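Peer 1: One structure, pasted below without further comment.
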Amino acid sequence: MGKLKLLSSLFFLFSFTTVFAQREDVGNYEYDKEYLFGINKNTNGGLIGGFVFKAGTRIDDSQFSFWGIELSNVKNPKEARYRTPLGNSFIFGKSNYLYAIRPHYGREIVLFKKAPNQGVQVSALAAVGPTVGIIAPYYIEYYVNRVETVTVQFDPEIHQRGNILGTGSLLEGIGQSEVAFGATLKAALMFEFGVFRSSASGLELGYMLEGYNKEIPLIPTTENNQIFQSAYFTFFYGFRK
């Protein structure tokens, strides 16, 4: 039985190695186009800060131009989540969401190229672009009396913490949203770990600064900002050709 397991393991290892070696793009990192998808985590967001798409084009051996778009939920640093007796949760004091849509254009410079079949490629990048901010009302389910509850936008002048039963449904009230316009600037380092030319995976670590044409009232009772800054990291995966 032990010999059978050993032979099976050796066969699997041989098969995997053979398939790996037969790939034409192993150890080949020359490419002209790349398309990457990413999940973002940042200091102004939640567990998942947002989603990113990026498309790049080679300029020369060490430079790329790229354009991209990012969708993100921006939070006030003072947001605190509370639980209700029903097991629901809500953010006390929050009156609005801020959803940021960030198209951008930038340049990437390769600082260190990857050695064949090993190592990490390191690049520096910078990007700038307009920002569209969707200011959507934050709805709560509020206890009015023993037989009546209402779902309304939080108002610090009216609503008491003890009477909040939870939040409204996702995207509820999106039709009453306002729009703010602004701009975004970011700089980052990109670490790429892929082994094949046709696929890419990596991590982007950076700093982002964005400003809007007006103050965003996320929590009316505390300081609200017109300019936001954050550190972030983004996990990327995509393909190249």
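To be explicit about the labels: the chains of the structure tokens are called A, B, and onward in the order shown, and within each one the residues are counted from 1, while ligands get numbers from 1 in the order they are shown.
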I'd like the contact shell of A:Val74 - 7 Å cut-off, only C-alpha atoms, skipping same-chain residues fewer than 4 positions apart - returned as a ChimeraX atom specification.

Peer 2: /A:44-45,98-100

Peer 1: Write a file of the selected residues as a CSV table (one decimal), in the first residue's frame, keeping C-alpha atoms.

Peer 2:
chain,number,residue,atom,x,y,z
A,44,ASN,CA,-10.9,54.8,4.5
A,45,GLY,CA,-12.8,51.6,3.7
A,98,LEU,CA,-20.0,58.0,-0.2
A,99,TYR,CA,-19.4,55.8,-3.3
A,100,ALA,CA,-16.4,57.0,-5.3

Peer 1: Run DSSP on the backbone and give me the residues of stretch 145-190 of chain A it puts in strand (DSSP E), as a list in words.

Peer 2: Asn145, Glu148, Thr149, Val150, Thr151, Val152, Gln153, Ile164, Leu165, Gly166, Thr167, Glu178, Val179, Ala180, Phe181, Gly182, Ala183, Thr184, Leu185, Lys186, Ala187, Ala188, Leu189 and Met190 of chain A

Peer 1: Quick one: pull the distance between atom CA of A:Trp67 and atom CA of A:Met208, Å, one decimal.

Peer 2: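 Those two atoms sit 15.9 Å apart.
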
Peer 1: Skip stretch 59-61 of chain A itself and residues of its chain fewer than 3 positions away, then list as a PyMOL selection string all residues within 10 Å of it, counting only C-alpha atoms.

Peer 2: chain A and resi 30-32+56+64-65+107-110

Peer 1: At what distance in Å, to one decimal, does atom CA of A:Gly129 lie from atom CA of A:Phe66?

Peer 2: 11.8 Å

Peer 1: Quick one: of A:Lys113, A:Lys186, A:His159, A:Arg102, who's nearest to A:Gln229, counting only C-alpha atoms?

Peer 2: A:Lys186

Peer 1: Suppose you want the space between atom CA of A:Pro137 and atom CA of A:Gly175; what is it in Å?

Peer 2: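 Straight-line distance from atom CA of A:Pro137 to atom CA of A:Gly175 works out to 9.2 Å.
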
Peer 1: Which neighbours of A:Phe235 fall inside 7 Å, counting only C-alpha atoms, when residues of the same chain fewer than 6 positions from it are skipped, and could you give them as a list in words?

Peer 2: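 Residues meeting the cut-off are Gly38, Ile39, Asn40, Gly202, Leu203 and Glu204 of chain A.
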
Peer 1: I'd like the neighbourhood of A:Asn76 as a list of chain:residue names, where a residue qualifies if any of its atoms comes within 10 Å (using only C-alpha atoms), though same-chain residues fewer than 5 positions away should be ignored.

Peer 2: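 Listed by chain and then number, they are A:Thr43, A:Asn44, A:Gly45, A:Lys94, A:Tyr97, A:Leu98, A:Ile216, A:Pro217, A:Leu218, A:Ile219, A:Thr222, A:Glu223, A:Asn224, A:Asn225, A:Phe228.
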
Peer 1: Among stretch 3-241 of chain A, which residues does DSSP mark as helix (DSSP H, G or I) when it is run on the backbone? Keep the chain and numbering as in the structure and answer as a list in words.

Peer 2: Lys3, Leu4, Lys5, Leu6, Leu7, Ser8, Ser9, Leu10, Phe11, Phe12, Leu13, Phe14, Ser15, Phe16, Thr17, Thr18, Val19, Phe20, Ala21, Gln22, Arg161, Gly162, Asn163, Ile174, Gly175 and Gln176 of chain A
